$ cat coords.pdb   # PDB, C-alpha atoms, pLDDT in the B column
ATOM      1  CA  MET A  61       0.000   0.000   0.000  1.00 50.00           C
ATOM      2  CA  ALA A  62       1.366   3.416  -0.940  1.00 53.00           C
ATOM      3  CA  GLN A  63       2.023   5.887   1.852  1.00 52.00           C
ATOM      4  CA  PRO A  64      -0.213   8.953   2.060  1.00 52.00           C
ATOM      5  CA  PHE A  65       1.167  12.116   0.498  1.00 52.00           C
ATOM      6  CA  PHE A  66       1.614  13.970   3.778  1.00 53.00           C
ATOM      7  CA  GLY A  67       2.369  10.830   5.733  1.00 49.00           C
ATOM      8  CA  ARG A  68       0.463   9.561   8.723  1.00 49.00           C
ATOM      9  CA  ARG A  69       1.968   9.077  12.115  1.00 48.00           C
ATOM     10  CA  ASP A  70       1.876   5.521  13.400  1.00 50.00           C
ATOM     11  CA  SER A  71       0.157   6.737  16.576  1.00 47.00           C
ATOM     12  CA  GLU A  72      -2.886   8.017  14.657  1.00 44.00           C
ATOM     13  CA  PRO A  73      -5.849   5.667  14.674  1.00 47.00           C
ATOM     14  CA  SER A  74      -6.567   4.394  11.172  1.00 48.00           C
ATOM     15  CA  GLY A  75      -9.788   5.608   9.595  1.00 48.00           C
ATOM     16  CA  LEU A  76      -9.513   9.135  10.964  1.00 45.00           C
ATOM     17  CA  ARG A  77      -8.410  11.978   8.812  1.00 45.00           C
ATOM     18  CA  PRO A  78      -5.227  13.830   9.833  1.00 47.00           C
ATOM     19  CA  GLY A  79      -5.971  16.339  12.554  1.00 45.00           C
ATOM     20  CA  ALA A  80      -9.039  14.495  13.854  1.00 43.00           C
ATOM     21  CA  VAL A  81      -9.089  13.668  17.551  1.00 43.00           C
ATOM     22  CA  SER A  82      -9.789  10.060  18.396  1.00 41.00           C
ATOM     23  CA  ASN A  83     -12.064  10.880  21.345  1.00 41.00           C
ATOM     24  CA  GLN A  84     -14.512  12.938  19.281  1.00 40.00           C
ATOM     25  CA  SER A  85     -18.160  11.986  19.212  1.00 39.00           C
ATOM     26  CA  ASN A  86     -19.550   9.395  16.845  1.00 40.00           C
ATOM     27  CA  THR A  87     -20.394  12.124  14.324  1.00 38.00           C
ATOM     28  CA  ALA A  88     -16.742  12.333  13.286  1.00 37.00           C
ATOM     29  CA  GLN A  89     -16.700   8.590  12.761  1.00 40.00           C
ATOM     30  CA  ALA A  90     -19.962   8.862  10.801  1.00 39.00           C
ATOM     31  CA  HIS A  91     -18.349  11.447   8.496  1.00 39.00           C
ATOM     32  CA  VAL A  92     -15.373   9.150   7.967  1.00 37.00           C
ATOM     33  CA  GLY A  93     -17.730   6.244   7.288  1.00 41.00           C
ATOM     34  CA  ALA A  94     -19.665   8.336   4.770  1.00 42.00           C
ATOM     35  CA  ALA A  95     -16.440   9.331   3.054  1.00 40.00           C
ATOM     36  CA  LYS A  96     -15.365   5.693   2.827  1.00 40.00           C
ATOM     37  CA  GLN A  97     -18.771   4.752   1.392  1.00 45.00           C
ATOM     38  CA  SER A  98     -18.443   7.578  -1.140  1.00 42.00           C
ATOM     39  CA  LEU A  99     -15.089   6.141  -2.204  1.00 39.00           C
ATOM     40  CA  ASP A 100     -16.643   2.683  -2.465  1.00 44.00           C
ATOM     41  CA  ASN A 101     -19.429   4.124  -4.661  1.00 44.00           C
ATOM     42  CA  THR A 102     -16.807   5.748  -6.870  1.00 40.00           C
ATOM     43  CA  ALA A 103     -15.174   2.348  -7.323  1.00 40.00           C
ATOM     44  CA  THR A 104     -18.444   0.951  -8.701  1.00 40.00           C
ATOM     45  CA  HIS A 105     -18.967   3.893 -11.067  1.00 46.00           C
ATOM     46  CA  PRO A 106     -19.393   2.911 -14.727  1.00 45.00           C
ATOM     47  CA  ALA A 107     -16.032   4.401 -15.695  1.00 46.00           C
ATOM     48  CA  SER A 108     -14.284   1.775 -13.592  1.00 41.00           C
ATOM     49  CA  SER A 109     -15.447  -0.844 -16.082  1.00 41.00           C
ATOM     50  CA  ILE A 110     -13.129   0.561 -18.749  1.00 43.00           C
ATOM     51  CA  THR A 111     -10.039  -0.912 -17.142  1.00 41.00           C
ATOM     52  CA  ALA A 112      -9.107  -4.413 -18.151  1.00 41.00           C
ATOM     53  CA  PRO A 113      -9.771  -7.181 -15.594  1.00 42.00           C
ATOM     54  CA  GLY A 114      -6.831  -7.689 -13.262  1.00 40.00           C
ATOM     55  CA  LYS A 115      -5.351  -4.336 -14.183  1.00 46.00           C
ATOM     56  CA  GLU A 116      -4.731  -1.718 -11.495  1.00 49.00           C
ATOM     57  CA  VAL A 117      -6.563   1.595 -11.725  1.00 61.00           C
ATOM     58  CA  GLY A 118      -4.095   4.271 -12.833  1.00 84.00           C
ATOM     59  CA  SER A 119      -3.550   7.752 -11.523  1.00 92.00           C
ATOM     60  CA  LYS A 120      -6.679   9.571 -10.369  1.00 93.00           C
ATOM     61  CA  LEU A 121      -7.140  13.239  -9.508  1.00 93.00           C
ATOM     62  CA  THR A 122     -10.241  14.308  -7.603  1.00 95.00           C
ATOM     63  CA  VAL A 123     -11.130  17.981  -7.304  1.00 95.00           C
ATOM     64  CA  GLY A 124     -13.518  17.951  -4.366  1.00 95.00           C
ATOM     65  CA  PRO A 125     -16.621  20.037  -3.711  1.00 95.00           C
ATOM     66  CA  ASN A 126     -16.003  23.766  -3.138  1.00 93.00           C
ATOM     67  CA  ILE A 127     -12.471  23.443  -4.597  1.00 95.00           C
ATOM     68  CA  LYS A 128     -11.474  25.687  -7.505  1.00 95.00           C
ATOM     69  CA  LEU A 129      -8.517  24.660  -9.649  1.00 94.00           C
ATOM     70  CA  LYS A 130      -7.636  27.342 -12.183  1.00 93.00           C
ATOM     71  CA  GLY A 131      -5.046  27.891 -14.902  1.00 89.00           C
ATOM     72  CA  VAL A 132      -3.370  24.498 -14.984  1.00 87.00           C
ATOM     73  CA  GLU A 133      -2.405  21.865 -17.495  1.00 92.00           C
ATOM     74  CA  ILE A 134      -3.325  18.378 -16.321  1.00 91.00           C
ATOM     75  CA  THR A 135      -1.140  15.613 -17.745  1.00 87.00           C
ATOM     76  CA  ASP A 136      -0.399  11.987 -16.893  1.00 87.00           C
ATOM     77  CA  CYS A 137      -3.772  11.625 -15.173  1.00 90.00           C
ATOM     78  CA  ASP A 138      -5.797   8.545 -16.031  1.00 93.00           C
ATOM     79  CA  THR A 139      -9.020   9.743 -14.383  1.00 95.00           C
ATOM     80  CA  LEU A 140     -10.100  13.261 -13.429  1.00 95.00           C
ATOM     81  CA  VAL A 141     -13.092  13.503 -11.105  1.00 96.00           C
ATOM     82  CA  VAL A 142     -14.538  17.025 -10.930  1.00 97.00           C
ATOM     83  CA  GLU A 143     -16.792  17.766  -7.968  1.00 97.00           C
ATOM     84  CA  GLY A 144     -15.772  21.432  -7.719  1.00 96.00           C
ATOM     85  CA  THR A 145     -14.618  23.828 -10.446  1.00 96.00           C
ATOM     86  CA  VAL A 146     -11.707  23.278 -12.831  1.00 96.00           C
ATOM     87  CA  GLU A 147     -10.369  25.699 -15.445  1.00 96.00           C
ATOM     88  CA  ALA A 148      -7.660  23.794 -17.247  1.00 95.00           C
ATOM     89  CA  THR A 149      -6.242  22.090 -20.293  1.00 96.00           C
ATOM     90  CA  MET A 150      -5.973  18.335 -20.070  1.00 94.00           C
ATOM     91  CA  ASP A 151      -5.178  15.154 -21.933  1.00 92.00           C
ATOM     92  CA  SER A 152      -6.393  12.100 -20.073  1.00 90.00           C
ATOM     93  CA  ARG A 153      -8.245   8.818 -20.358  1.00 94.00           C
ATOM     94  CA  VAL A 154     -11.409   9.543 -18.354  1.00 96.00           C
ATOM     95  CA  ILE A 155     -13.176  12.621 -17.021  1.00 96.00           C
ATOM     96  CA  GLN A 156     -16.106  12.370 -14.628  1.00 97.00           C
ATOM     97  CA  ILE A 157     -17.940  15.587 -13.810  1.00 97.00           C
ATOM     98  CA  SER A 158     -20.375  15.313 -10.888  1.00 97.00           C
ATOM     99  CA  GLU A 159     -23.726  17.133 -10.731  1.00 97.00           C
ATOM    100  CA  LEU A 160     -22.218  20.128  -8.930  1.00 96.00           C
ATOM    101  CA  GLY A 161     -18.944  19.943 -10.860  1.00 97.00           C
ATOM    102  CA  ALA A 162     -17.887  22.271 -13.662  1.00 97.00           C
ATOM    103  CA  PHE A 163     -14.981  22.111 -16.124  1.00 97.00           C
ATOM    104  CA  LYS A 164     -14.009  25.035 -18.328  1.00 97.00           C
ATOM    105  CA  GLY A 165     -11.221  24.757 -20.850  1.00 96.00           C
ATOM    106  CA  SER A 166      -9.916  22.171 -23.249  1.00 96.00           C
ATOM    107  CA  ALA A 167      -9.922  18.393 -22.822  1.00 95.00           C
ATOM    108  CA  ASP A 168      -8.756  15.530 -25.054  1.00 95.00           C
ATOM    109  CA  ILE A 169      -9.919  12.284 -23.486  1.00 94.00           C
ATOM    110  CA  ASP A 170     -11.071   8.742 -24.175  1.00 95.00           C
ATOM    111  CA  ILE A 171     -14.274   8.646 -22.103  1.00 96.00           C
ATOM    112  CA  ALA A 172     -16.328  11.512 -20.631  1.00 97.00           C
ATOM    113  CA  GLU A 173     -19.168  11.126 -18.136  1.00 97.00           C
ATOM    114  CA  ILE A 174     -20.895  14.454 -17.618  1.00 98.00           C
ATOM    115  CA  HIS A 175     -23.384  14.911 -14.773  1.00 98.00           C
ATOM    116  CA  GLY A 176     -22.474  18.600 -14.311  1.00 97.00           C
ATOM    117  CA  GLN A 177     -21.243  21.227 -16.770  1.00 98.00           C
ATOM    118  CA  PHE A 178     -18.488  21.288 -19.385  1.00 98.00           C
ATOM    119  CA  ASP A 179     -17.716  24.518 -21.256  1.00 98.00           C
ATOM    120  CA  GLY A 180     -14.977  24.673 -23.892  1.00 97.00           C
ATOM    121  CA  ASN A 181     -13.246  22.390 -26.390  1.00 97.00           C
ATOM    122  CA  LEU A 182     -14.003  18.732 -25.761  1.00 97.00           C
ATOM    123  CA  THR A 183     -12.563  15.907 -27.834  1.00 96.00           C
ATOM    124  CA  VAL A 184     -13.736  12.469 -26.732  1.00 96.00           C
ATOM    125  CA  ARG A 185     -11.972   9.721 -28.641  1.00 95.00           C
ATOM    126  CA  GLN A 186     -14.314   6.921 -27.557  1.00 96.00           C
ATOM    127  CA  LYS A 187     -17.544   7.671 -25.682  1.00 96.00           C
ATOM    128  CA  LEU A 188     -19.235  10.847 -24.440  1.00 97.00           C
ATOM    129  CA  VAL A 189     -22.061  10.267 -21.957  1.00 97.00           C
ATOM    130  CA  ILE A 190     -24.225  13.229 -20.956  1.00 97.00           C
ATOM    131  CA  TYR A 191     -26.547  12.419 -18.074  1.00 98.00           C
ATOM    132  CA  ALA A 192     -29.917  14.094 -17.346  1.00 97.00           C
ATOM    133  CA  THR A 193     -28.276  16.817 -15.234  1.00 97.00           C
ATOM    134  CA  GLY A 194     -25.355  17.271 -17.647  1.00 97.00           C
ATOM    135  CA  LYS A 195     -24.709  20.226 -19.917  1.00 97.00           C
ATOM    136  CA  VAL A 196     -21.955  20.415 -22.552  1.00 97.00           C
ATOM    137  CA  ILE A 197     -21.287  23.678 -24.387  1.00 97.00           C
ATOM    138  CA  GLY A 198     -18.583  24.503 -26.922  1.00 97.00           C
ATOM    139  CA  LYS A 199     -16.669  22.739 -29.647  1.00 97.00           C
ATOM    140  CA  ILE A 200     -17.362  19.037 -29.189  1.00 97.00           C
ATOM    141  CA  ARG A 201     -15.909  16.048 -31.055  1.00 96.00           C
ATOM    142  CA  TYR A 202     -16.860  12.522 -30.119  1.00 96.00           C
ATOM    143  CA  GLY A 203     -16.517   8.894 -31.175  1.00 95.00           C
ATOM    144  CA  LYS A 204     -19.811   7.696 -29.682  1.00 95.00           C
ATOM    145  CA  LEU A 205     -22.482   9.839 -28.005  1.00 95.00           C
ATOM    146  CA  VAL A 206     -25.043   8.898 -25.347  1.00 96.00           C
ATOM    147  CA  ILE A 207     -27.459  11.561 -24.080  1.00 96.00           C
ATOM    148  CA  GLU A 208     -29.803  10.730 -21.239  1.00 96.00           C
ATOM    149  CA  GLU A 209     -33.206  12.420 -21.442  1.00 95.00           C
ATOM    150  CA  GLY A 210     -32.765  15.920 -20.053  1.00 96.00           C
ATOM    151  CA  GLY A 211     -29.075  16.126 -20.943  1.00 97.00           C
ATOM    152  CA  GLN A 212     -28.030  19.179 -22.954  1.00 97.00           C
ATOM    153  CA  ILE A 213     -25.436  19.675 -25.676  1.00 96.00           C
ATOM    154  CA  SER A 214     -24.859  22.776 -27.779  1.00 96.00           C
ATOM    155  CA  GLY A 215     -22.179  24.357 -29.918  1.00 95.00           C
ATOM    156  CA  ASP A 216     -20.026  23.093 -32.784  1.00 95.00           C
ATOM    157  CA  ILE A 217     -20.647  19.336 -32.583  1.00 95.00           C
ATOM    158  CA  GLN A 218     -18.767  16.878 -34.803  1.00 94.00           C
ATOM    159  CA  PHE A 219     -18.569  13.130 -35.034  1.00 90.00           C
ATOM    160  CA  GLY A 220     -14.935  12.010 -34.780  1.00 80.00           C
ATOM    161  CA  SER A 221     -12.463  14.092 -36.722  1.00 53.00           C
ATOM    162  CA  ALA A 222     -14.666  14.160 -39.819  1.00 42.00           C
ATOM    163  CA  THR A 223     -16.121  17.427 -41.048  1.00 38.00           C
ATOM    164  CA  THR A 224     -19.696  16.149 -40.772  1.00 39.00           C
ATOM    165  CA  VAL A 225     -21.455  18.397 -38.268  1.00 40.00           C
ATOM    166  CA  ALA A 226     -24.288  17.053 -36.120  1.00 43.00           C
ATOM    167  CA  PRO A 227     -27.269  19.250 -35.197  1.00 42.00           C
ATOM    168  CA  ALA A 228     -26.508  21.483 -32.202  1.00 43.00           C
ATOM    169  CA  SER A 229     -29.431  20.278 -30.095  1.00 43.00           C
ATOM    170  CA  ASN A 230     -30.411  16.967 -28.587  1.00 43.00           C
ATOM    171  CA  SER A 231     -33.494  16.772 -30.794  1.00 40.00           C
ATOM    172  CA  SER A 232     -34.807  13.597 -32.350  1.00 37.00           C
ATOM    173  CA  ALA A 233     -32.565  14.263 -35.363  1.00 37.00           C
ATOM    174  CA  ASN A 234     -29.669  12.875 -33.321  1.00 41.00           C
ATOM    175  CA  VAL A 235     -31.455   9.568 -32.765  1.00 39.00           C
ATOM    176  CA  ALA A 236     -31.354   8.714 -36.472  1.00 40.00           C
ATOM    177  CA  ARG A 237     -27.540   8.787 -36.437  1.00 49.00           C
ATOM    178  CA  PRO A 238     -25.996   5.358 -35.760  1.00 47.00           C
ATOM    179  CA  ASP A 239     -23.254   6.884 -33.586  1.00 56.00           C
ATOM    180  CA  VAL A 240     -25.744   8.561 -31.211  1.00 58.00           C
ATOM    181  CA  GLN A 241     -27.585   6.643 -28.554  1.00 59.00           C
ATOM    182  CA  ARG A 242     -30.362   8.284 -26.547  1.00 59.00           C
ATOM    183  CA  VAL A 243     -31.462   6.742 -23.276  1.00 63.00           C
ATOM    184  CA  ALA A 244     -34.574   7.477 -21.267  1.00 59.00           C
TER     185      ALA A 244
END
$ encode --input "coords.pdb" --output "structure tokens"
Amino acid sequence: MAQPFFGRRDSEPSGLRPGAVSNQSNTAQAHVGAAKQSLDNTATHPASSITAPGKEVGSKLTVGPNIKLKGVEITDCDTLVVEGTVEATMDSRVIQISELGAFKGSADIDIAEIHGQFDGNLTVRQKLVIYATGKVIGKIRYGKLVIEEGGQISGDIQFGSATTVAPASNSSANVARPDVQRVA
């Protein structure tokens, strides 16, 4: 098991975050339990199915709620989880934007799962999934597109690197395209 970034003293009880006092009420332990359950839920997220069986999950960067990350270039990151706000340029394998998450900038990725908002240049080499609460605005290129009912997409939308431009709304015209899948 890899050591934590800031290191943990051996005298600290496991399961508590650094700085927590071990004789605090059960509410602190409940928060830790909820955080662990949240991590467990993340492990069962659909994006985890993209890794080959028996293969370790690569590097993962999570920008938590109420965190703002601005003016960076994100590289060598297999999975970016956005729960706060990110203004960046990135090249990665997977991006997951939560309902309250927002990404502004440029991203070249394999798989995108959008529950929140993306604004900018988005190139998805394999599969772009926009959930009911998701909104994608800007210049979008995709290999395969799935839009859950209620999901929004607008801007310059292109299939792959071809010059064929798809309609800029999620109207029924998208359903006729073989590369677009609409789910209820």
$ closest_residue --input "coords.pdb" --among "A:Gly198, A:Gly176, A:Gly211, A:Gly203" --to "Ile155 (chain A)" --atoms "only C-alpha atoms"
A:Gly176
$ atom_distance --input "coords.pdb" --atom1 "CA of Ser166 (chain A)" --atom2 "CA of Lys130 (chain A)"
12.4 Å
$ closest_residue --input "coords.pdb" --among "A:Lys164, A:Glu209, A:Asp136, A:Lys204" --to "Thr149 (chain A)" --atoms "only C-alpha atoms"
A:Lys164
$ residues_around --input "coords.pdb" --residues "Asp179 (chain A)" --least-positions-apart "2" --cutoff "8 Å" --atoms "only C-alpha atoms" --output "number ranges by chain"
A: 162-165, 177, 181, 196-198
$ atom_distance --input "coords.pdb" --atom1 "CA of Ile190 (chain A)" --atom2 "CA of Ala167 (chain A)"
15.3 Å
$ atom_distance --input "coords.pdb" --atom1 "CA of Thr193 (chain A)" --atom2 "CA of Ile213 (chain A)"
11.2 Å
$ resolve_selection --input "coords.pdb" --expression "the PyMOL selection byres ((chain A and resi 184-189) around 9)" --output "list in words"
Ala167, Asp168, Ile169, Asp170, Ile171, Ala172, Glu173, Ile174, His175, Leu182, Thr183, Ile190, Tyr191, Gly194, Ile200, Arg201, Tyr202, Gly203, Lys204, Leu205, Val206, Ile207, Glu208 and Gly220 of chain A
$ residues_around --input "coords.pdb" --residues "Val141 (chain A)" --least-positions-apart "4" --cutoff "10 Å" --atoms "only C-alpha atoms" --output "number ranges by chain"
A: 102, 120-124, 154-158, 161, 173
$ resolve_selection --input "coords.pdb" --expression "the PyMOL selection byres ((chain A and resi 215) around 6)" --output "PyMOL selection string"
chain A and resi 197-199+214+216-217+228
$ closest_residue --input "coords.pdb" --among "A:Ser152, A:Val146, A:Ser119, A:Gly210" --to "Gly131 (chain A)" --atoms "all atoms listed in the file"
A:Val146
$ build_atoms --input "coords.pdb" --residues "region 211-222 of chain A" --atoms "all heavy atoms" --output "mmCIF file, in the frame of the given file"
data_model
loop_
_atom_site.group_PDB
_atom_site.id
_atom_site.type_symbol
_atom_site.label_atom_id
_atom_site.label_comp_id
_atom_site.auth_asym_id
_atom_site.auth_seq_id
_atom_site.Cartn_x
_atom_site.Cartn_y
_atom_site.Cartn_z
ATOM 1 N N GLY A 211 -30.444 15.664 -20.714
ATOM 2 C CA GLY A 211 -29.075 16.126 -20.943
ATOM 3 C C GLY A 211 -29.040 17.159 -22.060
ATOM 4 O O GLY A 211 -29.855 17.119 -22.978
ATOM 5 N N GLN A 212 -28.089 18.092 -21.971
ATOM 6 C CA GLN A 212 -28.030 19.179 -22.954
ATOM 7 C C GLN A 212 -26.661 19.215 -23.626
ATOM 8 O O GLN A 212 -25.639 19.003 -22.985
ATOM 9 C CB GLN A 212 -28.267 20.523 -22.269
ATOM 10 C CG GLN A 212 -29.599 20.635 -21.578
ATOM 11 C CD GLN A 212 -29.721 21.932 -20.810
ATOM 12 O OE1 GLN A 212 -29.142 22.939 -21.190
ATOM 13 N NE2 GLN A 212 -30.473 21.905 -19.723
ATOM 14 N N ILE A 213 -26.667 19.519 -24.915
ATOM 15 C CA ILE A 213 -25.436 19.675 -25.676
ATOM 16 C C ILE A 213 -25.665 20.779 -26.702
ATOM 17 O O ILE A 213 -26.700 20.817 -27.359
ATOM 18 C CB ILE A 213 -24.999 18.346 -26.350
ATOM 19 C CG1 ILE A 213 -23.635 18.490 -27.010
ATOM 20 C CG2 ILE A 213 -26.056 17.850 -27.301
ATOM 21 C CD1 ILE A 213 -23.034 17.162 -27.466
ATOM 22 N N SER A 214 -24.712 21.712 -26.791
ATOM 23 C CA SER A 214 -24.859 22.776 -27.779
ATOM 24 C C SER A 214 -23.484 23.291 -28.185
ATOM 25 O O SER A 214 -22.520 23.186 -27.436
ATOM 26 C CB SER A 214 -25.711 23.924 -27.229
ATOM 27 O OG SER A 214 -25.059 24.543 -26.150
ATOM 28 N N GLY A 215 -23.434 23.825 -29.398
ATOM 29 C CA GLY A 215 -22.179 24.357 -29.918
ATOM 30 C C GLY A 215 -21.839 23.740 -31.251
ATOM 31 O O GLY A 215 -22.698 23.273 -31.990
ATOM 32 N N ASP A 216 -20.540 23.701 -31.565
ATOM 33 C CA ASP A 216 -20.026 23.093 -32.784
ATOM 34 C C ASP A 216 -19.785 21.615 -32.479
ATOM 35 O O ASP A 216 -18.826 21.270 -31.811
ATOM 36 C CB ASP A 216 -18.731 23.794 -33.205
ATOM 37 C CG ASP A 216 -18.105 23.184 -34.449
ATOM 38 O OD1 ASP A 216 -18.793 22.419 -35.161
ATOM 39 O OD2 ASP A 216 -16.919 23.467 -34.705
ATOM 40 N N ILE A 217 -20.683 20.752 -32.943
ATOM 41 C CA ILE A 217 -20.647 19.336 -32.583
ATOM 42 C C ILE A 217 -20.279 18.515 -33.814
ATOM 43 O O ILE A 217 -20.916 18.620 -34.853
ATOM 44 C CB ILE A 217 -22.014 18.899 -32.039
ATOM 45 C CG1 ILE A 217 -22.394 19.777 -30.863
ATOM 46 C CG2 ILE A 217 -21.979 17.429 -31.633
ATOM 47 C CD1 ILE A 217 -23.843 19.701 -30.477
ATOM 48 N N GLN A 218 -19.235 17.693 -33.678
ATOM 49 C CA GLN A 218 -18.767 16.878 -34.803
ATOM 50 C C GLN A 218 -18.541 15.448 -34.355
ATOM 51 O O GLN A 218 -18.058 15.205 -33.251
ATOM 52 C CB GLN A 218 -17.466 17.430 -35.365
ATOM 53 C CG GLN A 218 -17.587 18.818 -35.957
ATOM 54 C CD GLN A 218 -16.271 19.307 -36.527
ATOM 55 O OE1 GLN A 218 -15.280 18.596 -36.505
ATOM 56 N NE2 GLN A 218 -16.265 20.522 -37.043
ATOM 57 N N PHE A 219 -18.859 14.536 -35.254
ATOM 58 C CA PHE A 219 -18.569 13.130 -35.034
ATOM 59 C C PHE A 219 -17.120 12.878 -35.416
ATOM 60 O O PHE A 219 -16.708 13.171 -36.538
ATOM 61 C CB PHE A 219 -19.509 12.262 -35.880
ATOM 62 C CG PHE A 219 -19.107 10.817 -35.925
ATOM 63 C CD1 PHE A 219 -19.230 10.020 -34.815
ATOM 64 C CD2 PHE A 219 -18.586 10.267 -37.083
ATOM 65 C CE1 PHE A 219 -18.853 8.687 -34.851
ATOM 66 C CE2 PHE A 219 -18.209 8.940 -37.140
ATOM 67 C CZ PHE A 219 -18.343 8.153 -36.010
ATOM 68 N N GLY A 220 -16.330 12.334 -34.510
ATOM 69 C CA GLY A 220 -14.935 12.010 -34.780
ATOM 70 C C GLY A 220 -14.155 13.211 -35.262
ATOM 71 O O GLY A 220 -14.385 14.332 -34.837
ATOM 72 N N SER A 221 -13.241 12.986 -36.173
ATOM 73 C CA SER A 221 -12.463 14.092 -36.722
ATOM 74 C C SER A 221 -12.970 14.486 -38.100
ATOM 75 O O SER A 221 -12.380 15.320 -38.772
ATOM 76 C CB SER A 221 -10.986 13.710 -36.800
ATOM 77 O OG SER A 221 -10.846 12.572 -37.619
ATOM 78 N N ALA A 222 -14.083 13.850 -38.514
ATOM 79 C CA ALA A 222 -14.666 14.160 -39.819
ATOM 80 C C ALA A 222 -15.280 15.554 -39.798
ATOM 81 O O ALA A 222 -15.524 16.129 -38.759
ATOM 82 C CB ALA A 222 -15.731 13.125 -40.169
#
